[in-house]
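J.: Sharing data-v6.cif here; it has mmCIF, C-alpha atoms.
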data_query
#
loop_
_atom_site.label_atom_id
_atom_site.label_comp_id
_atom_site.auth_asym_id
_atom_site.auth_seq_id
_atom_site.Cartn_x
_atom_site.Cartn_y
_atom_site.Cartn_z
CA MET A 1211 -7.72 22.95 15.15
CA ASP A 1212 -5.99 26.26 16.01
CA ARG A 1213 -5.54 25.03 19.57
CA LEU A 1214 -4.14 21.70 18.34
CA GLY A 1215 -1.76 23.63 16.11
CA THR A 1216 -0.55 25.60 19.12
CA LEU A 1217 0.02 22.37 21.04
CA GLY A 1218 2.13 21.13 18.13
CA ILE A 1219 4.18 24.34 18.21
CA PHE A 1220 4.74 23.88 21.95
CA VAL A 1221 5.88 20.25 21.53
CA GLN A 1222 8.31 21.05 18.71
CA THR A 1223 9.73 24.01 20.66
CA ALA A 1224 10.16 21.94 23.82
CA GLU A 1225 11.85 19.10 21.94
CA GLY A 1226 14.04 21.49 19.97
CA GLY A 1227 15.06 23.46 23.05
CA SER A 1228 14.51 26.93 21.55
CA PHE A 1229 12.13 29.05 19.52
CA VAL A 1230 14.61 28.93 16.62
CA ALA A 1231 14.77 25.11 16.64
CA GLY A 1232 11.01 24.82 16.91
CA ALA A 1233 10.53 27.27 14.07
CA ARG A 1234 12.99 25.36 11.89
CA ARG A 1235 11.11 22.11 12.47
CA LEU A 1236 7.75 23.70 11.68
CA GLY A 1237 8.80 25.94 8.80
CA LEU A 1238 7.69 29.07 10.69
CA SER A 1239 9.46 32.20 11.85
CA SER A 1240 10.89 32.21 15.38
CA SER A 1241 8.79 35.31 16.07
CA ALA A 1242 5.58 33.44 15.20
CA VAL A 1243 6.59 30.55 17.43
CA GLY A 1244 7.43 32.87 20.32
CA LYS A 1245 4.07 34.67 20.04
CA ALA A 1246 2.18 31.35 19.95
CA ILE A 1247 3.93 30.15 23.12
CA ALA A 1248 3.26 33.46 24.84
CA ARG A 1249 -0.46 33.24 23.99
CA LEU A 1250 -0.57 29.66 25.26
CA GLU A 1251 1.06 30.64 28.56
CA GLN A 1252 -1.37 33.55 28.93
CA GLU A 1253 -4.40 31.33 28.26
CA MET A 1254 -3.24 28.70 30.74
CA GLY A 1255 -2.03 31.13 33.37
CA VAL A 1256 1.30 29.33 33.88
CA ARG A 1257 4.85 29.76 32.64
CA LEU A 1258 5.92 26.82 30.50
CA PHE A 1259 9.56 27.78 29.94
CA HIS A 1260 12.40 29.26 31.96
CA ARG A 1261 13.99 31.78 29.58
CA SER A 1262 17.41 33.43 29.67
CA THR A 1263 19.65 35.01 27.07
CA ARG A 1264 21.56 31.73 26.73
CA SER A 1265 19.08 28.94 27.30
CA MET A 1266 15.45 27.92 27.51
CA THR A 1267 14.26 25.03 29.66
CA LEU A 1268 10.89 23.65 30.64
CA THR A 1269 9.34 24.57 33.97
CA GLU A 1270 7.82 21.81 36.10
CA GLU A 1271 4.41 22.73 34.68
CA GLY A 1272 5.90 22.74 31.19
CA SER A 1273 7.30 19.20 31.59
CA PHE A 1274 3.90 17.94 32.74
CA PHE A 1275 2.16 19.72 29.88
CA LEU A 1276 4.66 18.32 27.33
CA ASN A 1277 3.84 14.73 28.28
CA THR A 1278 0.13 15.52 28.08
CA CYS A 1279 0.47 17.15 24.66
CA ARG A 1280 2.47 14.22 23.31
CA ARG A 1281 -0.27 11.86 24.42
CA ILE A 1282 -2.99 14.03 22.85
CA ILE A 1283 -1.16 14.32 19.53
CA SER A 1284 -0.38 10.60 19.51
CA GLU A 1285 -4.04 9.75 20.11
CA LEU A 1286 -5.08 12.13 17.33
CA ASP A 1287 -2.56 10.63 14.91
CA MET A 1288 -3.80 7.15 15.79
CA ALA A 1289 -7.43 8.14 15.25
CA GLN A 1290 -6.71 9.79 11.91
CA THR A 1291 -4.76 6.78 10.70
CA GLU A 1292 -7.41 4.33 11.82
CA LEU A 1293 -10.07 6.33 10.00
CA SER A 1294 -8.08 6.43 6.77
CA LYS A 1295 -8.67 3.74 4.20
CA SER A 1296 -6.69 0.61 5.00
CA HIS A 1297 -5.60 0.22 1.37
CA ALA A 1298 -4.21 3.73 1.07
CA ALA A 1299 -0.53 3.87 0.13
CA PRO A 1300 1.83 4.96 2.94
CA ARG A 1301 2.82 8.61 2.59
CA GLY A 1302 4.32 11.46 4.54
CA HIS A 1303 7.62 12.62 5.99
CA LEU A 1304 10.01 10.07 7.53
CA ARG A 1305 13.04 11.25 9.51
CA VAL A 1306 15.72 8.56 9.76
CA SER A 1307 19.15 8.57 11.43
CA LEU A 1308 21.88 6.42 9.86
CA PRO A 1309 25.50 5.83 10.91
CA LEU A 1310 28.15 7.74 8.96
CA ALA A 1311 28.87 4.52 7.09
CA GLY A 1312 25.19 4.56 6.19
CA MET A 1313 26.10 5.73 2.68
CA LEU A 1314 26.89 2.06 2.17
CA LEU A 1315 23.26 1.24 3.03
CA MET A 1316 21.97 3.51 0.27
CA PRO A 1317 21.11 0.71 -2.19
CA ALA A 1318 18.39 -0.43 0.21
CA ILE A 1319 17.32 3.16 0.95
CA SER A 1320 17.16 3.94 -2.79
CA ALA A 1321 15.04 0.85 -3.42
CA PHE A 1322 12.65 1.95 -0.68
CA MET A 1323 12.33 5.40 -2.26
CA ARG A 1324 11.51 3.87 -5.64
CA THR A 1325 8.93 1.53 -4.09
CA TYR A 1326 7.24 4.21 -1.94
CA PRO A 1327 7.56 7.53 -3.81
CA ASP A 1328 4.92 9.20 -1.61
CA ILE A 1329 7.16 8.92 1.46
CA THR A 1330 9.67 11.76 1.79
CA LEU A 1331 12.90 10.76 3.56
CA ASP A 1332 14.93 13.12 5.75
CA LEU A 1333 18.24 11.27 6.27
CA ASP A 1334 20.63 12.28 9.06
CA PHE A 1335 24.12 10.71 8.99
CA THR A 1336 25.93 10.60 12.33
CA ASP A 1337 27.74 8.11 14.55
CA ARG A 1338 26.73 9.85 17.77
CA LEU A 1339 24.09 8.32 20.02
CA VAL A 1340 21.00 10.30 19.05
CA ASP A 1341 17.99 10.70 21.32
CA VAL A 1342 15.34 9.24 19.02
CA ILE A 1343 12.36 10.74 20.84
CA GLU A 1344 13.72 14.12 21.93
CA GLU A 1345 15.25 14.83 18.50
CA GLY A 1346 12.13 13.81 16.61
CA PHE A 1347 13.39 10.81 14.64
CA ASP A 1348 10.90 8.29 13.28
CA ALA A 1349 13.51 5.53 13.01
CA VAL A 1350 17.22 4.97 13.63
CA ILE A 1351 19.51 2.31 12.14
CA ARG A 1352 22.52 1.34 14.25
CA THR A 1353 24.81 -1.56 15.06
CA GLY A 1354 25.02 -3.05 18.55
CA ASP A 1355 22.63 -3.58 21.43
CA VAL A 1356 19.59 -1.55 22.49
CA LYS A 1357 19.45 -0.06 26.00
CA ASP A 1358 16.71 2.58 25.68
CA THR A 1359 13.49 1.12 27.10
CA ARG A 1360 11.47 3.81 25.30
CA LEU A 1361 12.33 2.25 21.95
CA MET A 1362 11.14 -0.74 20.00
CA SER A 1363 13.74 -2.58 17.92
CA ARG A 1364 14.04 -5.18 15.19
CA LYS A 1365 17.14 -7.01 14.06
CA LEU A 1366 17.90 -6.37 10.39
CA GLY A 1367 20.74 -8.84 10.06
CA THR A 1368 24.11 -10.00 11.29
CA PHE A 1369 27.53 -9.63 9.73
CA ARG A 1370 31.10 -10.75 10.31
CA PHE A 1371 33.75 -8.08 10.80
CA GLN A 1372 36.78 -8.15 8.53
CA ILE A 1373 40.39 -7.52 9.48
CA VAL A 1374 42.09 -5.81 6.55
CA ALA A 1375 45.34 -4.20 5.48
CA ALA A 1376 46.85 -2.80 2.30
CA PRO A 1377 49.19 -4.98 0.20
CA ASN A 1378 52.07 -2.51 0.60
CA TYR A 1379 51.73 -2.61 4.39
CA LEU A 1380 51.78 -6.42 4.45
CA LYS A 1381 54.78 -6.47 2.12
CA ALA A 1382 56.70 -4.16 4.44
CA GLU A 1383 55.54 -5.51 7.84
CA GLY A 1384 54.61 -9.12 7.11
CA THR A 1385 51.24 -10.90 7.04
CA PRO A 1386 49.76 -12.05 10.39
CA ILE A 1387 49.04 -15.78 10.29
CA ALA A 1388 47.64 -16.18 13.82
CA PRO A 1389 45.71 -13.67 15.99
CA GLU A 1390 48.71 -13.31 18.32
CA ASP A 1391 50.74 -11.96 15.39
CA LEU A 1392 48.63 -8.78 15.58
CA LEU A 1393 50.51 -7.88 18.77
CA GLN A 1394 53.49 -6.99 16.59
CA HIS A 1395 51.53 -4.85 14.13
CA LYS A 1396 50.18 -1.31 13.87
CA CYS A 1397 46.49 -1.61 14.75
CA LEU A 1398 43.94 1.07 13.81
CA HIS A 1399 40.97 1.14 16.21
CA HIS A 1400 37.41 2.47 16.18
CA ARG A 1401 36.16 4.25 19.31
CA TYR A 1402 32.45 4.18 20.21
CA PRO A 1403 31.28 7.84 20.16
CA SER A 1404 28.65 7.07 22.81
CA THR A 1405 30.95 5.52 25.43
CA GLY A 1406 34.48 6.50 24.46
CA LYS A 1407 35.53 2.83 24.61
CA LEU A 1408 37.44 1.05 21.86
CA GLU A 1409 35.39 -1.36 19.78
CA PRO A 1410 36.86 -4.82 20.45
CA TRP A 1411 38.13 -6.99 17.62
CA PRO A 1412 36.00 -10.18 17.77
CA LEU A 1413 38.86 -12.69 17.64
CA VAL A 1414 38.23 -16.40 18.22
CA ARG A 1415 40.03 -19.73 17.96
CA ASN A 1416 38.00 -22.92 17.61
CA GLY A 1417 34.90 -21.01 18.66
CA GLU A 1418 36.51 -19.67 21.85
CA GLU A 1419 36.92 -15.92 22.40
CA LEU A 1420 40.47 -14.55 22.36
CA ARG A 1421 41.17 -11.52 24.51
CA LEU A 1422 44.27 -9.79 23.25
CA THR A 1423 45.50 -6.33 24.23
CA LEU A 1424 46.28 -5.07 20.75
CA PRO A 1425 48.55 -2.11 20.01
CA THR A 1426 46.67 1.18 19.51
CA THR A 1427 48.57 2.93 16.77
CA THR A 1428 45.64 5.14 15.77
CA ILE A 1429 42.09 5.66 17.12
CA ALA A 1430 39.14 7.24 15.30
CA SER A 1431 35.52 7.80 16.28
CA THR A 1432 34.26 7.21 12.73
CA ILE A 1433 34.97 4.52 10.16
CA GLU A 1434 36.05 6.57 7.13
CA PRO A 1435 39.45 7.70 8.53
CA LEU A 1436 40.32 4.10 9.38
CA ILE A 1437 39.55 3.00 5.82
CA HIS A 1438 41.73 5.80 4.44
CA LEU A 1439 44.64 5.02 6.77
CA ALA A 1440 44.48 1.29 6.05
CA GLU A 1441 44.37 1.90 2.29
CA ASN A 1442 47.48 4.05 2.55
CA GLY A 1443 49.49 1.47 4.46
CA PHE A 1444 49.38 2.89 7.99
CA GLY A 1445 48.30 -0.35 9.63
CA ILE A 1446 45.70 -3.09 10.09
CA THR A 1447 42.08 -2.38 11.02
CA CYS A 1448 38.88 -4.29 11.83
CA LEU A 1449 35.70 -2.99 10.20
CA PRO A 1450 32.23 -4.12 9.07
CA PRO A 1451 32.30 -5.85 5.67
CA PHE A 1452 30.03 -3.29 4.00
CA ALA A 1453 32.57 -0.58 4.85
CA VAL A 1454 35.45 -2.24 2.96
CA SER A 1455 33.76 -4.41 0.33
CA ALA A 1456 34.74 -2.10 -2.56
CA GLN A 1457 38.36 -1.88 -1.37
CA ILE A 1458 38.62 -5.67 -1.07
CA ALA A 1459 37.00 -6.18 -4.48
CA ASP A 1460 39.59 -4.02 -6.28
CA GLY A 1461 42.57 -5.16 -4.23
CA ARG A 1462 43.23 -1.98 -2.25
CA LEU A 1463 42.73 -3.97 0.97
CA LEU A 1464 43.26 -7.65 1.69
CA PRO A 1465 41.23 -9.68 4.24
CA LEU A 1466 43.20 -11.35 7.05
CA LEU A 1467 42.59 -14.05 9.68
CA GLU A 1468 39.13 -14.85 8.31
CA ASP A 1469 38.93 -18.11 10.29
CA ASN A 1470 39.54 -16.24 13.53
CA ILE A 1471 36.71 -13.69 13.44
CA ALA A 1472 33.38 -14.23 15.20
CA LYS A 1473 30.07 -13.31 13.57
CA THR A 1474 29.12 -10.66 16.10
CA GLY A 1475 27.92 -7.61 14.20
CA ILE A 1476 24.18 -6.83 14.38
CA PHE A 1477 22.25 -4.15 12.52
CA ARG A 1478 19.07 -2.97 14.25
CA ILE A 1479 16.33 -0.53 13.42
CA LEU A 1480 14.86 1.40 16.37
CA TRP A 1481 11.68 3.47 16.65
CA PRO A 1482 9.69 5.08 19.50
CA THR A 1483 7.44 2.77 21.50
CA SER A 1484 3.77 3.35 20.74
CA ARG A 1485 0.54 1.44 21.00
CA TYR A 1486 0.08 2.14 17.31
CA LEU A 1487 2.77 2.07 14.64
CA SER A 1488 2.07 4.43 11.75
CA PRO A 1489 1.97 2.83 8.26
CA LYS A 1490 4.99 4.79 7.00
CA ILE A 1491 7.19 3.56 9.88
CA ARG A 1492 5.85 0.00 9.71
CA ILE A 1493 6.49 -0.25 5.97
CA PHE A 1494 10.01 1.20 6.38
CA VAL A 1495 10.85 -1.26 9.16
CA ASP A 1496 9.49 -4.22 7.18
CA PHE A 1497 11.22 -3.15 3.96
CA MET A 1498 14.63 -2.70 5.57
CA ALA A 1499 14.34 -6.03 7.39
CA ALA A 1500 13.56 -7.79 4.12
CA ASN A 1501 16.03 -6.00 1.86
CA LEU A 1502 19.02 -4.58 3.71
CA PHE A 1503 21.01 -7.80 3.49
CA SER A 1504 19.24 -9.43 0.56
CA GLY A 1505 22.12 -8.69 -1.81
CA GLN A 1506 19.60 -8.23 -4.60
CA LEU A 1507 19.14 -4.46 -4.65
CA ALA A 1508 20.40 -2.26 -7.41
CA ALA A 1509 22.47 0.78 -6.48
#
Can the structure in the file be given as structure tokens, please?

T.:
Amino acid sequence: MDRLGTLGIFVQTAEGGSFVAGARRLGLSSSAVGKAIARLEQEMGVRLFHRSTRSMTLTEEGSFFLNTCRRIISELDMAQTELSKSHAAPRGHLRVSLPLAGMLLMPAISAFMRTYPDITLDLDFTDRLVDVIEEGFDAVIRTGDVKDTRLMSRKLGTFRFQIVAAPNYLKAEGTPIAPEDLLQHKCLHHRYPSTGKLEPWPLVRNGEELRLTLPTTTIASTIEPLIHLAENGFGITCLPPFAVSAQIADGRLLPLLEDNIAKTGIFRILWPTSRYLSPKIRIFVDFMAANLFSGQLAA
């Protein structure tokens, strides 16, 4: 088991990119991690890392050994899970990445925590495109399509974007009646952090896509600034409904052009591909699929 523990230290250090990152993941000191790696290299007779004062990268032998260790640890996890009682309640640590607007998904997350108190959640909120495997996430919830072939995915639900503006803005600038009217307005856009491209507004007429080059008054890489600017009368924006539901409910924002918006938004949950899905990940995936858009969860 000591040797298996050393393999785990090596994997966490390699994925973290430094002794400090590996130590943080494992709850050990960086000195202890460094000594364990040094002993491992001495036992194997090869250097696993290129080290400098500024960086630490895997050698060719280290990359090969990392893939082998991952396979060994995965097989061990699978064997331990298979040997455990099938009726045992899911438990353990679950690291999940959510978009910055993921605070609006917290009713479903809170319900999961109440239902499975033996699962400890580590929630990371970011709009950047995380590397699920290299950064050690068990699951990631995002909107849009999936392009990473190393990941499994499941659709959690679809939603229709909403075009919104504050009453004072509409009073001063006029209310757009047709999509083309947006060309004369101040439009607040969201930029995809992963690609740098502007997120298109899904405009349609009679089911046909409308491609309009809208003004770009302001651009933001996260949703919260766009909500703030729209609330304060700086322009019109197009956002997911869960991001502006409270503002619409109390009249701070008004929905516009509802008959001209396609139902294009998709929420997905992603997790690393494996021959065996651990109970804690399976139950999280199933729970979110059943409850995220049920509308029946308490906050």

J.: Point out the residue among A:Thr1368, A:Thr1223, A:Thr1483, A:Gln1457 with the least atom-to-atom distance to A:His1438, counting only C-alpha atoms.

T.: A:Gln1457

J.: Between A:Leu1361, A:Trp1411, A:Asn1442, A:Asp1460, which one has atoms that come closest to A:Arg1478, using all atoms listed in the file?

T.: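 Selected residue with least distance to A:Arg1478: A:Leu1361.
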
J.: So which residues touch stretch 1260-1272 of chain A within 12 Å, counting only C-alpha atoms, skipping near sequence neighbours fewer than 4 positions away, as a PyMOL selection string?

T.: chain A and resi 1217+1220-1221+1223-1232+1244+1247-1248+1250-1251+1254-1256+1276-1279

J.: For the selection you just gave me, I'd like the residues written to a file as a short mmCIF file (atom, residue, chain, number, x, y, z; two decimals), keeping the file's coordinate frame, keeping C-alpha atoms.

T.:
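To be explicit, this is the file written out as again-v1.cif:
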data_model
loop_
_atom_site.label_atom_id
_atom_site.label_comp_id
_atom_site.auth_asym_id
_atom_site.auth_seq_id
_atom_site.Cartn_x
_atom_site.Cartn_y
_atom_site.Cartn_z
CA LEU A 1217 0.02 22.37 21.04
CA PHE A 1220 4.74 23.88 21.95
CA VAL A 1221 5.88 20.25 21.53
CA THR A 1223 9.73 24.01 20.66
CA ALA A 1224 10.16 21.94 23.82
CA GLU A 1225 11.85 19.10 21.94
CA GLY A 1226 14.04 21.49 19.97
CA GLY A 1227 15.06 23.46 23.05
CA SER A 1228 14.51 26.93 21.55
CA PHE A 1229 12.13 29.05 19.52
CA VAL A 1230 14.61 28.93 16.62
CA ALA A 1231 14.77 25.11 16.64
CA GLY A 1232 11.01 24.82 16.91
CA GLY A 1244 7.43 32.87 20.32
CA ILE A 1247 3.93 30.15 23.12
CA ALA A 1248 3.26 33.46 24.84
CA LEU A 1250 -0.57 29.66 25.26
CA GLU A 1251 1.06 30.64 28.56
CA MET A 1254 -3.24 28.70 30.74
CA GLY A 1255 -2.03 31.13 33.37
CA VAL A 1256 1.30 29.33 33.88
CA LEU A 1276 4.66 18.32 27.33
CA ASN A 1277 3.84 14.73 28.28
CA THR A 1278 0.13 15.52 28.08
CA CYS A 1279 0.47 17.15 24.66
#

J.: In Å to one decimal, how far is atom CA of A:Val1495 from atom CA of A:Gly1215?

T.: 28.8 Å

J.: Can you pull out the residues contacting A:Pro1300? Cut-off 9 Å, using all atoms listed in the file, and skip same-chain residues under 4 positions away; I want them as a ChimeraX atom specification.

T.: /A:1326,1328-1329,1488-1491,1493

J.: Once the PyMOL selection byres ((chain A and resi 1416) around 12) is applied to the coordinates I shared, what remains selected? I want it as a list in words.

T.: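 For this structure, the PyMOL selection byres ((chain A and resi 1416) around 12) captures Leu1413, Val1414, Arg1415, Gly1417, Glu1418, Glu1419, Leu1420, Asp1469, Asn1470, Ile1471 and Ala1472 of chain A.
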
J.: Please write the residues picked by the PyMOL selection byres ((chain A and resi 1431) around 9) on this file as a list in words.

T.: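 Checking the PyMOL selection byres ((chain A and resi 1431) around 9) against this file, the residues are Asp1337, His1399, His1400, Arg1401, Tyr1402, Pro1403, Gly1406, Leu1408, Ile1429, Ala1430, Thr1432, Ile1433 and Pro1435 of chain A.
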
J.: Taking all listed atoms of stretch 1448-1466 of chain A, build the axis-aligned box, pad each of the six sides by 4 Å, then write its centre and edge lengths in Å to one decimal as JSON.

T.:
{"center_x": 36.6, "center_y": -6.0, "center_z": 2.8, "size_x": 21.2, "size_y": 18.8, "size_z": 26.1}

J.: For a test of reading the model, state the distance in Å between atom CA of A:Ile1476 and atom CA of A:Phe1369, rounded to one decimal.

T.: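 Taking atom CA of A:Ile1476 and atom CA of A:Phe1369, their separation equals 6.4 Å.
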
J.: List the residues matched by the PyMOL selection byres ((chain A and resi 1498) around 9) in the displayed structure as JSON, numbers by chain, ordered by chain and then by residue number.

T.: {"A": [1318, 1319, 1322, 1366, 1479, 1493, 1494, 1495, 1496, 1497, 1499, 1500, 1501, 1502, 1503]}

J.: At what distance in Å, to one decimal, does atom CA of A:Gly1346 lie from atom CA of A:Arg1305?

T.: 7.6 Å

J.: Choose the residue, out of A:Ala1233, A:Ala1388, A:Cys1397, A:Leu1308, that has the smallest atom-to-atom separation from A:Thr1423; count only C-alpha atoms.

T.: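 Using only C-alpha atoms, A:Thr1423 sits closest to A:Cys1397.
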
J.: Which is closest to A:Gly1237 among A:Ser1284, A:Gln1290, A:Gln1222, A:Ser1363, if we use all atoms listed in the file?

T.: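 Of all the options, A:Gln1222 lies closest to A:Gly1237.
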
J.: In terms of the shortest atom-to-atom distance over all atoms listed in the file, which of A:Val1340, A:Tyr1379, A:Leu1286, A:Pro1425 is closest to A:Ala1440?

T.: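 When distances to A:Ala1440 are compared using all atoms listed in the file, the smallest one comes from A:Tyr1379.
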
J.: If we count only C-alpha atoms and set the cut-off at 12 Å, which residues sit around A:Pro1451, ignoring sequence neighbours fewer than 2 positions away in its own chain? Please answer as a PyMOL selection string.

T.: chain A and resi 1311+1314-1315+1368-1374+1433+1437+1447-1449+1453-1459+1463-1465+1468+1471+1473-1476+1503
